[in-house]
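Read the structure below first, then the notes.
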Amino acid sequence: MKNKRLITRTIILAVMALAVGYTLYANMNKDKNQKIVIGKPAPDFVLVDMEGNKHRLSDYKGQGVFLNFWATWCKPCEREMPYIENQYQQFKDQGVQVLAIDSGESELAVNRFIERKGMTFPVLIDEGPVQAAYGINPLPITFLIDKEGNVVKSHTGELSEEKVREFMEQIKP
Amino acid sequence: MNEVKCECGHVNPQGTILCESCGRVLEEKEKEKQLVDMRYEGSARRSQTYNKTFIDKIWNFFSSVKVGVWLIVILLIASSLGTIFPQEMYIPPVMPPWEYYEEQYGWMGKLYYDLGFNNLYSSWWYLLLIAALGVSLVIASLDRVVPLYRSLKNQRVARHESFLKRQRMFSVTDSGLSDEAIGKIKEELTKKRYKLREENGDILAEKNRFSRWGPYVNHLGLIIFLIGGMLRFVPGMYVDEILWLRDGETKAIPGTEGQYYLKNNQFILEVYDKDKDDEVFQEAIDKVGTVVKNYQTDATLLQKQGGSVPGEKPELKKLRDQSIQVNKPLKVDGFALYQVDYKLNEMSKMAFQLENKESGKQFGEVVVDLYEPQTKYDLGNGYKVEIMSYFPDFEFNNDGEPATKSRIPNNPAFIFKMFSPGKPEGEVSFVAIRQNLEPLGENEFKMTFAGVETKNVTALTVRKDLTLWIIALGGLIFMIGVVQGAYWNHRRLWLRRVNGQLWAAAHTNKNWHGLKRELDDVFSESGITAPQDQVSGDKKD
């Protein structure tokens with residue numbers, strides 16, 4: 001009798017705790033990029049770079065892709081860009097590709113930025129669909145994609161040169 | 001020993017105040033009172049009794065009505081805090097939210113943002129409060145409804161004398177008792193739709209017992225309501241997004257996974273016209289100046305054809321044209337798009353004249369698209385203008401350099417390089433709104449502002465809600481519970497023969513006055529004294 005009551009109470013409390021737990025969990029993850037699951041294939045996209053060349057993510061199978069979302073008005077993006085460029089020079093012959101996706105700015109602004117920073121990797125302008133597919137909210141954010149096309153890691157926020165090197169090392173095929 | 005055996009032989013759960021069966025007072029303390037406390041039929045609210053394990057402690061905490069009331073009060077205060085300034089989802093996305101709050105509402109806005117009130121209704125602590133209230137509802141209800149149900153189900157016709165005389169309505173009749181008189185009362189009771197139970201000449205008349213379940217039905221409705229709210233967090237059940245579209249712009253409708261696109265052909269804002277519109281509006285127009293008549297987005301709904309990879313230009317098929325007005329949404333596939341906000345006159349193009357500063361002679365116009373400016377503008381005859389830098393949302397950053405806050409042209413600024421036959425190497429000029437600087441020395445030419453083109457921007461809410469029917473069902477059950485508990489009263493009358501006397505006692509869960517009148521009516525022609533209120537007359541319930 002007493003045990004039965006304890007069991008009933010425990011079950012009712014457990015069910016409610018589960019429901020509350022799920023709600024809180026779902027709510028906390030609502031704004032995060034739940035679209036990207038580590039270990040799962042990265043959403044494919046096609047964008048055109050500043051020279052007019054088409055880049056399709058799935059064409060880079062066999063290489064590691066360092067996918068960086070940025071904007072010219074974003075200070076941390078500006079600070080990390082030279083590090084990415086430096087490390088790109090080190091890793092580009094080892095099968096690591098950098099793709100930098102700008103958040104829908106004008107070509108003029110992006111071109112001037114590229115000139116100023118001397119970036120040599122492809123820079124692509126996305127008007128929104130790719131950012132939506134990746135659930136981009138704050139900038140910068142970097143995704144590491146391995147040679148099979150799976151997302152290995154995502155990093156929100158500014159990167160140090162050491163981190164960039166470490167990341168590229170990680171996706172080197 | 002978890003049970004209490006009453007003298008009548010009925011076994012009650014521990015903590016029972018009045019025997020479920022005969023109504024004998026089981027608790028010593030209760031015996032001294034003139035009237036018994038009939039709340040929950042004197043049943044054992046189990047939380048009050050068992051307090052052994054950790055689980056029991058949690059259970060008892062949530063079972064307390066006092067805790068429930070405090071939760072409601074705290075929730076009310078918290079909810080009202082969230083309405084002081086708009087929530088983040090409702091502010092225009094023209095600048096980062098922290099800047100918006102500070103700019104619009106000063107230090108209070110900053111504090112509001114810093115405290116996280118900008119997203120109050122989805123903050124973990126707010127959800128936790130709601131959840132605690134839900135848990136409290138479930139447990140408090142269970143803890144009361146089960147014992148109450150038991151007591152009412154187990155009640156015996158013949159209640160103990162101590163129970164009867166401690167009822168608020170009570171009377172003793174010594175003389176004039178006849179079967180006829182009692183038959184009369186029974187007849188009257190049946191007419192008033194009492195259900196009668198008779199044992200050995202004792203009578204229990206009862207009606208509207210279901211009214212006692214009202215509060216619990218009401219709580220059940222609330223719980224279903226909360227479950228509906230919870231389901232909104234399940235992916236695909238609920239979408240509430242905002243779509244800002246400039247005139248002429250096409251964008252994917254958020255929440256539809258890129259299946260549907262919307263083109264804003266034109267946003268229209270109409271106001272009442274004093275001359276054209278009906279006279280009834282005259283007074284209002286005179287009073288407030290302008291009165292808006294219509295907010296409208298002329299839109300085209302498009303659907304994506306086939307699979308396309310994000311970033312690729314999707315192949316779009318036009319589904320239909322529709323005007324979206326306030327309360328007249330565009331509906332597609334469970335989604336509804338409502339007109340919700342707008343921004344008039346966002347700068348889209350700026351025009352400048354290349355001008356000789358001394359002579360004032362102009363050498364041609366440069367029209368800059370603020371979303372996609374060209375790099376070079378050739379004006380012929382050796383006159384050229386090049387944009388060296390473009391800052392759509394201009395500010396001086398911390399290092400004192402020109403920079404942009406965002407990609408939206410709220411405050412465009414340019415660094416132009418002006419080429420002329422006389423100055424083929426070019427002159428540099430910095431131009432912002434009401435600013436014209438020559439950072440590299442005196443120039444011969446300048447860029448004169450020659451006008452601006454603007455576009456309107458519309459904002460639509462994208463809404464999909466599959467939880468609505470659950471919430472509506474919860475609301476309906478809630479109301480049924482309210483009606484059930486409020487419009488009917490649970491009334492009981494006990495008649496018992498004690499030593500040649502007739503004892504009558506009555507109880508109702510509310511509206512004692514109604515019960516009194518009813519009983520006076522029932523007893524009036526029988527010659528038996530109707531139960532009288534033992535609480536002094538001036539006390540109202």
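Letters for chains follow the order of the structure tokens (A, B, ...), residue numbers begin at 1 for each chain, and ligand numbers begin at 1 in the order shown.
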
query = Using only C-alpha atoms, which residues sit within 12 Å of Glu518 in chain B once same-chain residues fewer than 3 positions away are excluded, as a count of residues only?
reply = 23

Practice task
Pull the strand (DSSP E or B) assignments for chain A out of DSSP run on the backbone, and list those residues as JSON, numbers by chain.
Solution key: {"A": [41, 46, 47, 48, 49, 54, 55, 56, 64, 65, 66, 67, 68, 69, 70, 96, 97, 98, 99, 100, 101, 102, 103, 123, 124, 125, 126, 141, 142, 143, 144, 145, 150, 151, 152, 153, 154, 155, 156]}

Next, the residues of the selection above should be written as a short mmCIF file (atom, residue, chain, number, x, y, z; two decimals), in the first residue's frame with N, CA and C atoms.
data_model
loop_
_atom_site.label_atom_id
_atom_site.label_comp_id
_atom_site.auth_asym_id
_atom_site.auth_seq_id
_atom_site.Cartn_x
_atom_site.Cartn_y
_atom_site.Cartn_z
N PRO A 41 26.10 14.77 -42.62
CA PRO A 41 26.53 15.53 -43.80
C PRO A 41 26.14 17.01 -43.72
N VAL A 46 25.20 25.88 -53.47
CA VAL A 46 25.91 26.37 -54.65
C VAL A 46 25.94 27.88 -54.57
N LEU A 47 27.13 28.47 -54.62
CA LEU A 47 27.22 29.93 -54.63
C LEU A 47 28.30 30.34 -55.61
N VAL A 48 28.21 31.59 -56.02
CA VAL A 48 29.14 32.11 -57.02
C VAL A 48 30.15 33.01 -56.32
N ASP A 49 31.42 32.86 -56.65
CA ASP A 49 32.42 33.70 -55.99
C ASP A 49 32.59 35.03 -56.72
N LYS A 54 31.38 29.12 -60.02
CA LYS A 54 30.42 28.43 -59.16
C LYS A 54 31.14 27.50 -58.20
N HIS A 55 30.70 27.51 -56.94
CA HIS A 55 31.27 26.57 -55.95
C HIS A 55 30.13 25.77 -55.36
N ARG A 56 30.25 24.45 -55.53
CA ARG A 56 29.26 23.56 -54.94
C ARG A 56 29.97 22.78 -53.86
N GLY A 64 39.10 18.54 -47.12
CA GLY A 64 38.50 19.13 -45.93
C GLY A 64 38.07 20.54 -46.26
N VAL A 65 36.90 20.95 -45.79
CA VAL A 65 36.43 22.31 -46.08
C VAL A 65 36.31 23.11 -44.78
N PHE A 66 36.95 24.26 -44.79
CA PHE A 66 36.89 25.21 -43.68
C PHE A 66 35.88 26.27 -44.10
N LEU A 67 34.66 26.15 -43.56
CA LEU A 67 33.55 26.99 -44.03
C LEU A 67 33.31 28.11 -43.03
N ASN A 68 33.55 29.34 -43.48
CA ASN A 68 33.48 30.48 -42.57
C ASN A 68 32.38 31.45 -43.01
N PHE A 69 31.48 31.77 -42.09
CA PHE A 69 30.44 32.78 -42.37
C PHE A 69 30.86 34.10 -41.74
N TRP A 70 30.77 35.18 -42.53
CA TRP A 70 31.28 36.46 -42.04
C TRP A 70 30.56 37.63 -42.68
N VAL A 96 43.09 21.15 -47.98
CA VAL A 96 42.12 21.90 -47.19
C VAL A 96 41.66 23.10 -48.00
N GLN A 97 40.34 23.24 -48.14
CA GLN A 97 39.77 24.34 -48.90
C GLN A 97 39.06 25.29 -47.94
N VAL A 98 39.25 26.60 -48.17
CA VAL A 98 38.52 27.58 -47.36
C VAL A 98 37.42 28.18 -48.23
N LEU A 99 36.21 28.20 -47.71
CA LEU A 99 35.12 28.92 -48.38
C LEU A 99 34.58 29.93 -47.38
N ALA A 100 34.58 31.21 -47.76
CA ALA A 100 34.11 32.26 -46.86
C ALA A 100 32.80 32.80 -47.41
N ILE A 101 31.74 32.71 -46.62
CA ILE A 101 30.42 33.13 -47.10
C ILE A 101 30.03 34.44 -46.42
N ASP A 102 29.88 35.47 -47.25
CA ASP A 102 29.49 36.77 -46.72
C ASP A 102 27.97 36.83 -46.58
N SER A 103 27.55 37.58 -45.56
CA SER A 103 26.13 37.64 -45.24
C SER A 103 25.44 38.74 -46.04
N VAL A 123 35.54 33.75 -51.98
CA VAL A 123 34.57 34.44 -51.12
C VAL A 123 33.24 34.44 -51.86
N LEU A 124 32.20 34.00 -51.17
CA LEU A 124 30.89 33.84 -51.79
C LEU A 124 29.90 34.73 -51.06
N ILE A 125 28.98 35.33 -51.82
CA ILE A 125 27.96 36.16 -51.16
C ILE A 125 26.65 35.38 -51.15
N ASP A 126 26.09 35.26 -49.96
CA ASP A 126 24.81 34.55 -49.83
C ASP A 126 23.74 35.53 -49.41
N ILE A 141 30.90 32.44 -37.68
CA ILE A 141 30.77 31.04 -37.28
C ILE A 141 31.49 30.20 -38.32
N THR A 142 32.20 29.20 -37.85
CA THR A 142 33.02 28.37 -38.72
C THR A 142 32.61 26.92 -38.58
N PHE A 143 32.44 26.26 -39.72
CA PHE A 143 32.14 24.83 -39.71
C PHE A 143 33.32 24.08 -40.32
N LEU A 144 33.65 22.97 -39.71
CA LEU A 144 34.71 22.12 -40.27
C LEU A 144 34.04 20.91 -40.90
N ILE A 145 34.35 20.69 -42.18
CA ILE A 145 33.72 19.60 -42.92
C ILE A 145 34.81 18.67 -43.42
N ASN A 150 31.06 15.36 -44.05
CA ASN A 150 30.36 15.43 -42.77
C ASN A 150 30.88 16.59 -41.92
N VAL A 151 29.99 17.18 -41.13
CA VAL A 151 30.39 18.27 -40.25
C VAL A 151 31.14 17.67 -39.05
N VAL A 152 32.35 18.15 -38.84
CA VAL A 152 33.17 17.63 -37.74
C VAL A 152 33.02 18.52 -36.51
N LYS A 153 32.86 19.82 -36.76
CA LYS A 153 32.88 20.76 -35.65
C LYS A 153 32.26 22.08 -36.10
N SER A 154 31.65 22.77 -35.16
CA SER A 154 31.24 24.14 -35.46
C SER A 154 31.76 25.04 -34.35
N HIS A 155 32.16 26.23 -34.74
CA HIS A 155 32.71 27.16 -33.75
C HIS A 155 32.11 28.54 -33.96
N THR A 156 31.45 29.04 -32.93
CA THR A 156 30.88 30.38 -33.01
C THR A 156 31.83 31.35 -32.32
#

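Near chain A, counting only C-alpha atoms at 6 Å, the chain B residues are Phe233, Val309, Pro310, Gly311, Glu312, Tyr371, Glu372, Thr404, Lys405 and Ser406 of chain B.
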
Q) DSSP says helix (DSSP H, G or I) for which residues of range 178-346 of chain B? Put them as a PyMOL selection string? A) chain B and resi 179-191+209-231+279-288

Could you write those residues out with N, CA and C atoms, as a compact mmCIF listing (two decimals), in the first residue's frame?
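Saved result, out.txt, follows:
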# COMPACT_ATOMS: atom_id res chain seq x y z
N ASP B 179 -45.56 8.85 9.11
CA ASP B 179 -45.06 8.38 7.83
C ASP B 179 -45.55 9.28 6.71
N GLU B 180 -46.74 9.80 6.94
CA GLU B 180 -47.32 10.68 5.92
C GLU B 180 -46.47 11.93 5.74
N ALA B 181 -46.10 12.52 6.91
CA ALA B 181 -45.27 13.74 6.87
C ALA B 181 -43.95 13.47 6.17
N ILE B 182 -43.36 12.34 6.52
CA ILE B 182 -42.07 12.01 5.89
C ILE B 182 -42.27 11.73 4.41
N GLY B 183 -43.38 11.07 4.09
CA GLY B 183 -43.70 10.80 2.68
C GLY B 183 -43.82 12.09 1.90
N LYS B 184 -44.40 13.09 2.54
CA LYS B 184 -44.58 14.40 1.91
C LYS B 184 -43.21 15.01 1.57
N ILE B 185 -42.33 14.92 2.58
CA ILE B 185 -40.98 15.49 2.36
C ILE B 185 -40.28 14.77 1.22
N LYS B 186 -40.39 13.44 1.22
CA LYS B 186 -39.74 12.66 0.17
C LYS B 186 -40.27 13.06 -1.21
N GLU B 187 -41.57 13.25 -1.26
CA GLU B 187 -42.20 13.63 -2.52
C GLU B 187 -41.64 14.98 -3.01
N GLU B 188 -41.60 15.93 -2.07
CA GLU B 188 -41.09 17.26 -2.41
C GLU B 188 -39.63 17.19 -2.87
N LEU B 189 -38.85 16.38 -2.16
CA LEU B 189 -37.43 16.24 -2.51
C LEU B 189 -37.28 15.68 -3.91
N THR B 190 -38.09 14.66 -4.22
CA THR B 190 -38.01 14.06 -5.54
C THR B 190 -38.37 15.10 -6.61
N LYS B 191 -39.38 15.94 -6.27
CA LYS B 191 -39.79 16.98 -7.22
C LYS B 191 -38.63 17.93 -7.50
N ARG B 209 -24.14 16.24 -7.20
CA ARG B 209 -22.82 15.90 -6.69
C ARG B 209 -21.73 16.27 -7.71
N PHE B 210 -22.08 16.19 -9.00
CA PHE B 210 -21.07 16.45 -10.05
C PHE B 210 -20.48 17.85 -9.94
N SER B 211 -21.23 18.74 -9.29
CA SER B 211 -20.72 20.10 -9.13
C SER B 211 -19.41 20.13 -8.35
N ARG B 212 -19.22 19.11 -7.49
CA ARG B 212 -17.99 19.05 -6.70
C ARG B 212 -16.77 18.80 -7.56
N TRP B 213 -16.99 18.23 -8.78
CA TRP B 213 -15.82 17.94 -9.64
C TRP B 213 -15.43 19.14 -10.49
N GLY B 214 -16.24 20.19 -10.44
CA GLY B 214 -15.99 21.38 -11.26
C GLY B 214 -14.56 21.88 -11.21
N PRO B 215 -14.03 22.15 -10.01
CA PRO B 215 -12.67 22.67 -9.94
C PRO B 215 -11.65 21.74 -10.56
N TYR B 216 -11.90 20.43 -10.47
CA TYR B 216 -10.90 19.50 -11.00
C TYR B 216 -11.00 19.40 -12.51
N VAL B 217 -12.23 19.49 -13.03
CA VAL B 217 -12.40 19.55 -14.48
C VAL B 217 -11.70 20.81 -15.00
N ASN B 218 -11.89 21.89 -14.28
CA ASN B 218 -11.27 23.16 -14.61
C ASN B 218 -9.74 23.03 -14.64
N HIS B 219 -9.19 22.37 -13.65
CA HIS B 219 -7.73 22.17 -13.62
C HIS B 219 -7.28 21.27 -14.76
N LEU B 220 -8.09 20.26 -15.06
CA LEU B 220 -7.75 19.38 -16.19
C LEU B 220 -7.64 20.20 -17.47
N GLY B 221 -8.61 21.12 -17.66
CA GLY B 221 -8.58 21.99 -18.83
C GLY B 221 -7.29 22.79 -18.88
N LEU B 222 -6.90 23.34 -17.73
CA LEU B 222 -5.67 24.13 -17.66
C LEU B 222 -4.45 23.28 -18.03
N ILE B 223 -4.46 22.05 -17.54
CA ILE B 223 -3.31 21.18 -17.81
C ILE B 223 -3.25 20.86 -19.31
N ILE B 224 -4.41 20.59 -19.92
CA ILE B 224 -4.43 20.35 -21.37
C ILE B 224 -3.93 21.59 -22.11
N PHE B 225 -4.35 22.75 -21.63
CA PHE B 225 -3.91 24.03 -22.19
C PHE B 225 -2.38 24.12 -22.14
N LEU B 226 -1.82 23.78 -20.98
CA LEU B 226 -0.36 23.85 -20.83
C LEU B 226 0.33 22.82 -21.72
N ILE B 227 -0.26 21.65 -21.86
CA ILE B 227 0.34 20.63 -22.74
C ILE B 227 0.36 21.17 -24.17
N GLY B 228 -0.74 21.83 -24.56
CA GLY B 228 -0.79 22.46 -25.89
C GLY B 228 0.35 23.45 -26.06
N GLY B 229 0.57 24.26 -25.02
CA GLY B 229 1.66 25.23 -25.06
C GLY B 229 3.01 24.54 -25.18
N MET B 230 3.13 23.43 -24.48
CA MET B 230 4.39 22.69 -24.50
C MET B 230 4.67 22.10 -25.88
N LEU B 231 3.59 21.67 -26.55
CA LEU B 231 3.76 21.05 -27.87
C LEU B 231 4.31 22.05 -28.89
N GLU B 279 -18.45 61.50 -44.33
CA GLU B 279 -18.46 62.59 -43.36
C GLU B 279 -18.26 62.14 -41.93
N VAL B 280 -18.68 60.89 -41.64
CA VAL B 280 -18.58 60.42 -40.25
C VAL B 280 -17.15 60.43 -39.75
N PHE B 281 -16.19 60.41 -40.67
CA PHE B 281 -14.80 60.38 -40.25
C PHE B 281 -14.23 61.77 -39.98
N GLN B 282 -14.97 62.80 -40.42
CA GLN B 282 -14.46 64.17 -40.37
C GLN B 282 -13.94 64.56 -38.99
N GLU B 283 -14.77 64.29 -38.01
CA GLU B 283 -14.45 64.74 -36.67
C GLU B 283 -13.15 64.11 -36.17
N ALA B 284 -13.06 62.79 -36.41
CA ALA B 284 -11.87 62.06 -35.97
C ALA B 284 -10.63 62.58 -36.68
N ILE B 285 -10.78 62.87 -37.99
CA ILE B 285 -9.63 63.37 -38.75
C ILE B 285 -9.20 64.73 -38.21
N ASP B 286 -10.20 65.59 -37.93
CA ASP B 286 -9.87 66.91 -37.38
C ASP B 286 -9.16 66.79 -36.05
N LYS B 287 -9.55 65.82 -35.29
CA LYS B 287 -9.02 65.68 -33.94
C LYS B 287 -7.58 65.20 -33.94
N VAL B 288 -7.28 64.14 -34.70
CA VAL B 288 -5.95 63.54 -34.61
C VAL B 288 -5.07 63.77 -35.83
